[in-house]
Amino acid sequence: GANKFRFTMILSQCTEIDPAGNKNNRPRSINRAFSRKNRVYAFRLFLIDRFPHLLVPRADRADQPPSVVLDVAGGKGSLSFLLVHADGIRSVIVDPHVSCNYNSILRSVEYLVRNPAERAKRAIAGWSGHQPLAAL
């Protein structure tokens, strides 16, 4: 069959389109809004859920090109940082103003490592102080 390139657009709805602009799937509404602080974690989970082949080790897919996430408008690079360091997924940031400043994530990781009881508490989903990084 014809090899189609597929792009996933994420705005208020998720829709998969092909190069001709034909919709392959009906839009899926996003039912829950995420805080700016947790949005990167929610998007990381979306990528892993929607594209599970990203987590398959390269040796198991020797007949396919390596998977790389193109982090368009990646800003500080938080998503790419998490994909590379927490999940082992290759990622490339495309942003003319990228700063690659991981200080806030690194401070959070250092705090959670030094305070395991607080880490366990913050890892509980649904709690008002939930911090997705604590569950990684």
# chains A, B, ... in the order shown; residues from 1 in each chain; ligands from 1

call {"tool": "select_by_dssp", "arguments": {"residues": "region 39-104 of chain A", "states": "helix (DSSP H, G or I)", "output": "PDB file with C-alpha atoms, in the first residue's frame"}}
result
ATOM      1  CA  ARG A  39       0.815  20.204  30.656  1.00  0.00           C
ATOM      2  CA  VAL A  40       4.202  18.817  29.555  1.00  0.00           C
ATOM      3  CA  TYR A  41       3.598  15.636  31.589  1.00  0.00           C
ATOM      4  CA  ALA A  42       0.120  15.212  30.107  1.00  0.00           C
ATOM      5  CA  PHE A  43       1.475  15.625  26.581  1.00  0.00           C
ATOM      6  CA  ARG A  44       4.287  13.134  27.299  1.00  0.00           C
ATOM      7  CA  LEU A  45       1.695  10.572  28.410  1.00  0.00           C
ATOM      8  CA  PHE A  46      -0.371  11.302  25.289  1.00  0.00           C
ATOM      9  CA  LEU A  47       2.652  10.645  23.033  1.00  0.00           C
ATOM     10  CA  ILE A  48       3.501   7.381  24.783  1.00  0.00           C
ATOM     11  CA  ASP A  49      -0.131   6.243  24.728  1.00  0.00           C
ATOM     12  CA  ARG A  50      -0.757   7.226  21.102  1.00  0.00           C
ATOM     13  CA  PRO A  52       3.739   3.126  21.883  1.00  0.00           C
ATOM     14  CA  HIS A  53       6.306   2.054  19.254  1.00  0.00           C
ATOM     15  CA  LEU A  54       8.483   4.936  20.496  1.00  0.00           C
ATOM     16  CA  LEU A  55       9.268   2.829  23.577  1.00  0.00           C
ATOM     17  CA  ARG A  58      15.858  -0.230  18.527  1.00  0.00           C
ATOM     18  CA  ALA A  59      17.216  -3.815  18.345  1.00  0.00           C
ATOM     19  CA  ASP A  60      13.634  -5.108  18.204  1.00  0.00           C
ATOM     20  CA  ARG A  61      12.907  -2.908  15.163  1.00  0.00           C
ATOM     21  CA  SER A  78      11.013  20.229  28.967  1.00  0.00           C
ATOM     22  CA  LEU A  79       9.192  17.658  26.822  1.00  0.00           C
ATOM     23  CA  SER A  80      12.361  16.558  25.044  1.00  0.00           C
ATOM     24  CA  PHE A  81      14.223  16.410  28.351  1.00  0.00           C
ATOM     25  CA  LEU A  82      11.599  14.054  29.814  1.00  0.00           C
ATOM     26  CA  LEU A  83      11.396  11.904  26.677  1.00  0.00           C
ATOM     27  CA  VAL A  84      15.174  11.449  26.540  1.00  0.00           C
ATOM     28  CA  HIS A  85      15.916  11.057  30.251  1.00  0.00           C
ATOM     29  CA  ALA A  86      12.774   9.377  31.606  1.00  0.00           C
ATOM     30  CA  ASP A  87      11.771   7.274  28.600  1.00  0.00           C
ATOM     31  CA  ASN A 103      16.945  24.068  35.967  1.00  0.00           C
ATOM     32  CA  SER A 104      13.366  23.873  37.251  1.00  0.00           C
TER      33      SER A 104
END

call {"tool": "select_by_dssp", "arguments": {"residues": "region 60-90 of chain A", "states": "strand (DSSP E)", "output": "PyMOL selection string"}}
result
chain A and resi 68-72+90

call {"tool": "residues_around", "arguments": {"residues": "Val113 (chain A)", "least_positions_apart": "4", "cutoff": "12 Å", "atoms": "only C-alpha atoms", "output": "ChimeraX atom specification"}}
result
/A:106-109,117-120,133-136

call {"tool": "write_last_selection", "arguments": {"atoms": "N, CA, C and O atoms", "output": "PDB file, in the first residue's frame"}}
result
ATOM      1  N   LEU A 106      15.356  19.963  37.078  1.00  0.00           N
ATOM      2  CA  LEU A 106      16.452  19.399  37.867  1.00  0.00           C
ATOM      3  C   LEU A 106      16.303  19.722  39.352  1.00  0.00           C
ATOM      4  O   LEU A 106      16.557  18.869  40.208  1.00  0.00           O
ATOM      5  N   ARG A 107      15.856  20.951  39.673  1.00  0.00           N
ATOM      6  CA  ARG A 107      15.618  21.299  41.090  1.00  0.00           C
ATOM      7  C   ARG A 107      14.529  20.410  41.673  1.00  0.00           C
ATOM      8  O   ARG A 107      14.647  19.940  42.806  1.00  0.00           O
ATOM      9  N   SER A 108      13.461  20.174  40.894  1.00  0.00           N
ATOM     10  CA  SER A 108      12.377  19.316  41.378  1.00  0.00           C
ATOM     11  C   SER A 108      12.858  17.892  41.605  1.00  0.00           C
ATOM     12  O   SER A 108      12.524  17.264  42.611  1.00  0.00           O
ATOM     13  N   VAL A 109      13.651  17.374  40.667  1.00  0.00           N
ATOM     14  CA  VAL A 109      14.180  16.010  40.799  1.00  0.00           C
ATOM     15  C   VAL A 109      15.066  15.915  42.037  1.00  0.00           C
ATOM     16  O   VAL A 109      14.939  14.976  42.828  1.00  0.00           O
ATOM     17  N   ALA A 117       9.617  10.735  51.244  1.00  0.00           N
ATOM     18  CA  ALA A 117       8.250  10.744  51.771  1.00  0.00           C
ATOM     19  C   ALA A 117       7.392  11.753  51.008  1.00  0.00           C
ATOM     20  O   ALA A 117       6.233  11.484  50.668  1.00  0.00           O
ATOM     21  N   GLU A 118       7.968  12.909  50.741  1.00  0.00           N
ATOM     22  CA  GLU A 118       7.257  13.934  49.968  1.00  0.00           C
ATOM     23  C   GLU A 118       7.034  13.457  48.531  1.00  0.00           C
ATOM     24  O   GLU A 118       5.992  13.693  47.946  1.00  0.00           O
ATOM     25  N   ARG A 119       8.025  12.751  47.988  1.00  0.00           N
ATOM     26  CA  ARG A 119       7.888  12.203  46.634  1.00  0.00           C
ATOM     27  C   ARG A 119       6.704  11.234  46.566  1.00  0.00           C
ATOM     28  O   ARG A 119       5.903  11.283  45.643  1.00  0.00           O
ATOM     29  N   ALA A 120       6.600  10.349  47.543  1.00  0.00           N
ATOM     30  CA  ALA A 120       5.504   9.372  47.569  1.00  0.00           C
ATOM     31  C   ALA A 120       4.157  10.082  47.662  1.00  0.00           C
ATOM     32  O   ALA A 120       3.195   9.699  46.998  1.00  0.00           O
ATOM     33  N   LEU A 133       6.030  14.490  37.969  1.00  0.00           N
ATOM     34  CA  LEU A 133       7.446  14.132  37.994  1.00  0.00           C
ATOM     35  C   LEU A 133       7.743  13.155  39.135  1.00  0.00           C
ATOM     36  O   LEU A 133       8.613  12.302  39.007  1.00  0.00           O
ATOM     37  N   ALA A 134       7.006  13.241  40.229  1.00  0.00           N
ATOM     38  CA  ALA A 134       7.246  12.368  41.377  1.00  0.00           C
ATOM     39  C   ALA A 134       6.938  10.905  41.064  1.00  0.00           C
ATOM     40  O   ALA A 134       7.471  10.006  41.692  1.00  0.00           O
ATOM     41  N   ALA A 135       6.076  10.670  40.087  1.00  0.00           N
ATOM     42  CA  ALA A 135       5.703   9.288  39.733  1.00  0.00           C
ATOM     43  C   ALA A 135       6.693   8.640  38.774  1.00  0.00           C
ATOM     44  O   ALA A 135       6.627   7.428  38.552  1.00  0.00           O
ATOM     45  N   LEU A 136       7.611   9.402  38.222  1.00  0.00           N
ATOM     46  CA  LEU A 136       8.567   8.839  37.251  1.00  0.00           C
ATOM     47  C   LEU A 136       9.705   8.117  37.946  1.00  0.00           C
ATOM     48  O   LEU A 136      10.114   8.398  38.991  1.00  0.00           O
TER      49      LEU A 136
END

call {"tool": "atom_distance", "arguments": {"atom1": "CA of Gly126 (chain A)", "atom2": "CA of Ala73 (chain A)"}}
result
29.2 Å

call {"tool": "atom_distance", "arguments": {"atom1": "CA of Gly74 (chain A)", "atom2": "CA of Cys100 (chain A)"}}
result
9.0 Å

call {"tool": "residues_around", "arguments": {"residues": "Gly77 (chain A)", "least_positions_apart": "5", "cutoff": "8 Å", "atoms": "only C-alpha atoms", "output": "PyMOL selection string"}}
result
chain A and resi 93+98-102

call {"tool": "atom_distance", "arguments": {"atom1": "CA of Pro116 (chain A)", "atom2": "CA of His130 (chain A)"}}
result
14.3 Å

call {"tool": "residues_around", "arguments": {"residues": "Val56 (chain A)", "least_positions_apart": "6", "cutoff": "10 Å", "atoms": "only C-alpha atoms", "output": "ChimeraX atom specification"}}
result
/A:67,88-89

call {"tool": "write_last_selection", "arguments": {"atoms": "C-alpha atoms", "output": "PDB file, in the first residue's frame"}}
result
ATOM      1  CA  SER A  67      12.017   6.802  15.975  1.00  0.00           C
ATOM      2  CA  GLY A  88      14.883   6.813  26.455  1.00  0.00           C
ATOM      3  CA  ILE A  89      13.134   8.288  23.393  1.00  0.00           C
TER       4      ILE A  89
END
